[in-house]
Amino acid sequence: MNPADLSLPDAAHALRNGTLTSENLTQAVLERIATQNPRLHAFTHIATDALEQARQADALLAAGQDPGPFCGLPVAVKDLIDVQGQPATSGSRVLADRIAPADAAALSRLRAQGAVLIGKVATYEFAMVGPDLTLPDPPARNPWNPAHITGGSSSGSAAAVASGMVRLAIGTDTGGSIRSPSAYCGCVGLKPTYDRVSRSGAFPLSPSLDHIGPLAATVEEAALALDMLTENPNQWRPAAGRLTQGVAGLRIGYARNWFADDPQASPALIRAMDDAAAQLSMLGAAITLVDLPDYPLYEAAGSIILHAEALDAHRALIQDKSDLYGRPTLQCLAFGAAIDPAELAQAHQAQTRLTAEMDQAMAPFDLLILPTTLTPALPFSAFDGEKAVWTPMRTIAFNVTGQPALSLPMGFDGALPLGLQIVGRKGDEDLICAAGHAFERATDHSVQRPPL
């Protein structure tokens, strides 16, 4: 077996029993990247010291010093998050020459454990909109069909994991940017509870909505990674703490009203969601239809907050370097300029009200299920014109509420993946991961791999 295909727990075990070295594992990953990346454009930078990081991890383990479960394991990082000594461009000409002076706080535990921070992966410019074909780095492409997008903005993270270049990448999620690329590319994405993972060292898009979290090959690997990223881990239940619990006895609300009558929802998506609900029922969960508050209200409040706060983050840069921004990003910032303080205050008031309404709707349930996106990944050809293209998702609501949400594969529309979204109460990452793990083990969706 190619070491690059080992799960993170299996690779960690092999590193400790002496049947594998981090140097050999990292070399296998680098070779996989060299083979796949020219076609998919997931990586924008490979760490020049990747093999040296691996040798240092091997030396620690050989000396009987085991700093933690991620010692020697390769991890990719979205180019919105700082990795010391590596480029930190946020996918933009504006920061083209920037080198990160230090690791982002979320990566400090991975670094301390001896993880191999193998390189940076593509993002939409400043995590806003895309794909933008005019930027210096070509946009990442979907491993299932490179003529299709990966979704954004953690585009390279999803492409790198789904193609098997790495088992784990770290991304960000402000309106769905971990979950939608995971759904489109057929991997697992986990947006944690708001403030569970520090955002320090990541370029802000909207501080009220921003989250950092993992994209991984399996639910188990995503859960283990989140536990390593968690700030103040003693204050949170481990995401991987109940993986084998299953779903028997859980009360799950099926939010069918958020998509089934939407004309944008593909028929295959509706069938896949009904099949997923039936599968969870057969595993012992009690599935009940639930009417959640109107999704467009969450989308409207989230959009106002996101665009207004994005403009705040760029005011200084845009004064000096507006000519270096891509056109779609400038259009987003212009939308933010049209929002006055009173409108922003109203959006934050709506955020508080909508969060309370979601809590009330969820009160009878342990979890919610709904689709991550309403369609499979769109083709690049849809983005050729000047007009903005909206990809229908059901994600930003849980950035507004701050609840944890997991996306994992649940089937296909033609040859393109679809994503199941599992949502819990704040702090219930262990429960959503247990449900996702049970669904994953009962189906074969997550073991399907692109025909690369």
# chains A, B, ... in the order shown; residues from 1 in each chain; ligands from 1
>>> residues_around(residues="Leu306 (chain A)", least_positions_apart="5", cutoff="8 Å", atoms="only C-alpha atoms", output="list in words")
Thr174, Leu205, Ser206, Ser208 and Leu209 of chain A
>>> select_by_dssp(residues="region 41-182 of chain A", states="strand (DSSP E)", output="list in words")
Phe43, Thr44, His45, Ile46, Pro74, Val75, Ala76, Val77, Lys78, Val116, Leu117, Ile118, Gly119, Lys120, Val121, Leu168, Ala169, Ile170, Gly171, Thr172 and Asp173 of chain A
>>> residues_around(residues="region 237-253 of chain A", least_positions_apart="4", cutoff="7 Å", atoms="only C-alpha atoms", output="short mmCIF file (atom, residue, chain, number, x, y, z; two decimals) with C-alpha atoms, in the first residue's frame")
data_model
loop_
_atom_site.label_atom_id
_atom_site.label_comp_id
_atom_site.auth_asym_id
_atom_site.auth_seq_id
_atom_site.Cartn_x
_atom_site.Cartn_y
_atom_site.Cartn_z
CA GLU A 220 -12.59 10.12 12.34
CA ALA A 223 -12.60 14.77 14.54
CA LEU A 224 -9.06 13.95 15.63
CA LEU A 226 -10.33 19.31 15.38
CA ASP A 227 -9.25 18.13 18.81
CA LEU A 283 -29.27 2.57 12.30
CA GLY A 284 -31.65 3.33 15.15
CA ALA A 285 -32.19 7.09 15.07
CA ALA A 286 -35.65 8.56 15.38
CA ILE A 287 -36.12 10.76 12.29
CA THR A 288 -38.78 13.49 12.41
CA LEU A 289 -39.49 16.21 9.89
CA VAL A 290 -38.81 19.68 11.28
CA PHE A 365 -33.85 17.06 18.76
CA ASP A 366 -30.25 15.99 19.32
CA LEU A 367 -29.20 16.74 15.74
CA LEU A 368 -30.42 18.17 12.46
CA ILE A 369 -29.78 16.82 8.97
CA GLU A 429 -19.02 18.17 17.85
CA ASP A 430 -18.68 14.75 19.46
CA LEU A 431 -22.32 13.96 18.70
CA CYS A 433 -19.06 13.20 14.49
CA ALA A 434 -20.54 10.07 16.06
CA ALA A 435 -23.53 10.30 13.72
CA HIS A 437 -19.02 8.14 11.55
CA ALA A 438 -21.96 5.76 11.86
#
>>> residues_around(residues="region 137-140 of chain A", least_positions_apart="4", cutoff="6 Å", atoms="only C-alpha atoms", output="list in words")
Leu40, His41, Ala42, Ser155 and Gly156 of chain A
>>> closest_residue(among="A:Asp195, A:Gly201, A:Asp312, A:Asp291", to="Tyr254 (chain A)", atoms="only C-alpha atoms")
A:Asp291
>>> residues_around(residues="Val447 (chain A)", least_positions_apart="5", cutoff="9 Å", atoms="only C-alpha atoms", output="MDAnalysis selection string")
chainID A and resid 217:218 440
>>> write_last_selection(atoms="N, CA and C atoms", output="PDB file, in the first residue's frame")
ATOM      1  N   ALA A 217     -10.196  13.043   4.975  1.00  0.00           N
ATOM      2  CA  ALA A 217     -10.684  11.918   4.176  1.00  0.00           C
ATOM      3  C   ALA A 217     -11.823  11.184   4.864  1.00  0.00           C
ATOM      4  N   THR A 218     -11.871  11.200   6.191  1.00  0.00           N
ATOM      5  CA  THR A 218     -12.916  10.500   6.938  1.00  0.00           C
ATOM      6  C   THR A 218     -13.359  11.352   8.121  1.00  0.00           C
ATOM      7  N   GLU A 440     -21.103   6.957   7.761  1.00  0.00           N
ATOM      8  CA  GLU A 440     -19.969   6.645   6.893  1.00  0.00           C
ATOM      9  C   GLU A 440     -19.686   5.146   6.864  1.00  0.00           C
TER      10      GLU A 440
END
>>> decode(residues="region 352-372 of chain A", atoms="N, CA and C atoms", output="PDB file, in the first residue's frame")
ATOM      1  N   THR A 352     -29.023  37.595  16.529  1.00  0.00           N
ATOM      2  CA  THR A 352     -29.409  37.161  17.879  1.00  0.00           C
ATOM      3  C   THR A 352     -30.777  36.502  17.866  1.00  0.00           C
ATOM      4  N   ARG A 353     -31.741  37.128  17.173  1.00  0.00           N
ATOM      5  CA  ARG A 353     -33.100  36.581  17.129  1.00  0.00           C
ATOM      6  C   ARG A 353     -33.144  35.245  16.389  1.00  0.00           C
ATOM      7  N   LEU A 354     -32.459  35.179  15.254  1.00  0.00           N
ATOM      8  CA  LEU A 354     -32.479  33.958  14.454  1.00  0.00           C
ATOM      9  C   LEU A 354     -31.767  32.804  15.167  1.00  0.00           C
ATOM     10  N   THR A 355     -30.744  33.123  15.939  1.00  0.00           N
ATOM     11  CA  THR A 355     -30.074  32.082  16.723  1.00  0.00           C
ATOM     12  C   THR A 355     -31.031  31.510  17.766  1.00  0.00           C
ATOM     13  N   ALA A 356     -31.784  32.390  18.429  1.00  0.00           N
ATOM     14  CA  ALA A 356     -32.763  31.925  19.422  1.00  0.00           C
ATOM     15  C   ALA A 356     -33.856  31.092  18.759  1.00  0.00           C
ATOM     16  N   GLU A 357     -34.302  31.499  17.573  1.00  0.00           N
ATOM     17  CA  GLU A 357     -35.331  30.735  16.878  1.00  0.00           C
ATOM     18  C   GLU A 357     -34.827  29.369  16.450  1.00  0.00           C
ATOM     19  N   MET A 358     -33.556  29.297  16.030  1.00  0.00           N
ATOM     20  CA  MET A 358     -32.986  27.998  15.672  1.00  0.00           C
ATOM     21  C   MET A 358     -32.878  27.102  16.904  1.00  0.00           C
ATOM     22  N   ASP A 359     -32.441  27.691  18.020  1.00  0.00           N
ATOM     23  CA  ASP A 359     -32.356  26.915  19.260  1.00  0.00           C
ATOM     24  C   ASP A 359     -33.730  26.353  19.642  1.00  0.00           C
ATOM     25  N   GLN A 360     -34.771  27.162  19.478  1.00  0.00           N
ATOM     26  CA  GLN A 360     -36.121  26.711  19.822  1.00  0.00           C
ATOM     27  C   GLN A 360     -36.576  25.592  18.887  1.00  0.00           C
ATOM     28  N   ALA A 361     -36.300  25.748  17.581  1.00  0.00           N
ATOM     29  CA  ALA A 361     -36.706  24.716  16.623  1.00  0.00           C
ATOM     30  C   ALA A 361     -35.972  23.410  16.869  1.00  0.00           C
ATOM     31  N   MET A 362     -34.752  23.511  17.367  1.00  0.00           N
ATOM     32  CA  MET A 362     -33.940  22.315  17.570  1.00  0.00           C
ATOM     33  C   MET A 362     -34.170  21.670  18.937  1.00  0.00           C
ATOM     34  N   ALA A 363     -34.868  22.347  19.825  1.00  0.00           N
ATOM     35  CA  ALA A 363     -35.018  21.867  21.204  1.00  0.00           C
ATOM     36  C   ALA A 363     -35.479  20.419  21.318  1.00  0.00           C
ATOM     37  N   PRO A 364     -36.400  19.935  20.463  1.00  0.00           N
ATOM     38  CA  PRO A 364     -36.829  18.533  20.616  1.00  0.00           C
ATOM     39  C   PRO A 364     -35.838  17.505  20.071  1.00  0.00           C
ATOM     40  N   PHE A 365     -34.731  17.963  19.489  1.00  0.00           N
ATOM     41  CA  PHE A 365     -33.845  17.055  18.764  1.00  0.00           C
ATOM     42  C   PHE A 365     -32.420  17.093  19.312  1.00  0.00           C
ATOM     43  N   ASP A 366     -31.685  16.020  19.027  1.00  0.00           N
ATOM     44  CA  ASP A 366     -30.252  15.994  19.316  1.00  0.00           C
ATOM     45  C   ASP A 366     -29.447  16.569  18.166  1.00  0.00           C
ATOM     46  N   LEU A 367     -29.914  16.337  16.937  1.00  0.00           N
ATOM     47  CA  LEU A 367     -29.200  16.740  15.737  1.00  0.00           C
ATOM     48  C   LEU A 367     -30.191  17.167  14.665  1.00  0.00           C
ATOM     49  N   LEU A 368     -29.675  17.873  13.667  1.00  0.00           N
ATOM     50  CA  LEU A 368     -30.421  18.171  12.460  1.00  0.00           C
ATOM     51  C   LEU A 368     -29.680  17.590  11.263  1.00  0.00           C
ATOM     52  N   ILE A 369     -30.407  17.199  10.230  1.00  0.00           N
ATOM     53  CA  ILE A 369     -29.785  16.819   8.970  1.00  0.00           C
ATOM     54  C   ILE A 369     -30.428  17.600   7.828  1.00  0.00           C
ATOM     55  N   LEU A 370     -29.615  17.941   6.858  1.00  0.00           N
ATOM     56  CA  LEU A 370     -30.039  18.675   5.672  1.00  0.00           C
ATOM     57  C   LEU A 370     -28.885  18.604   4.674  1.00  0.00           C
ATOM     58  N   PRO A 371     -29.095  18.998   3.431  1.00  0.00           N
ATOM     59  CA  PRO A 371     -27.989  18.955   2.476  1.00  0.00           C
ATOM     60  C   PRO A 371     -27.004  20.097   2.716  1.00  0.00           C
ATOM     61  N   THR A 372     -25.771  19.890   2.296  1.00  0.00           N
ATOM     62  CA  THR A 372     -24.775  20.957   2.361  1.00  0.00           C
ATOM     63  C   THR A 372     -24.999  21.947   1.220  1.00  0.00           C
TER      64      THR A 372
END
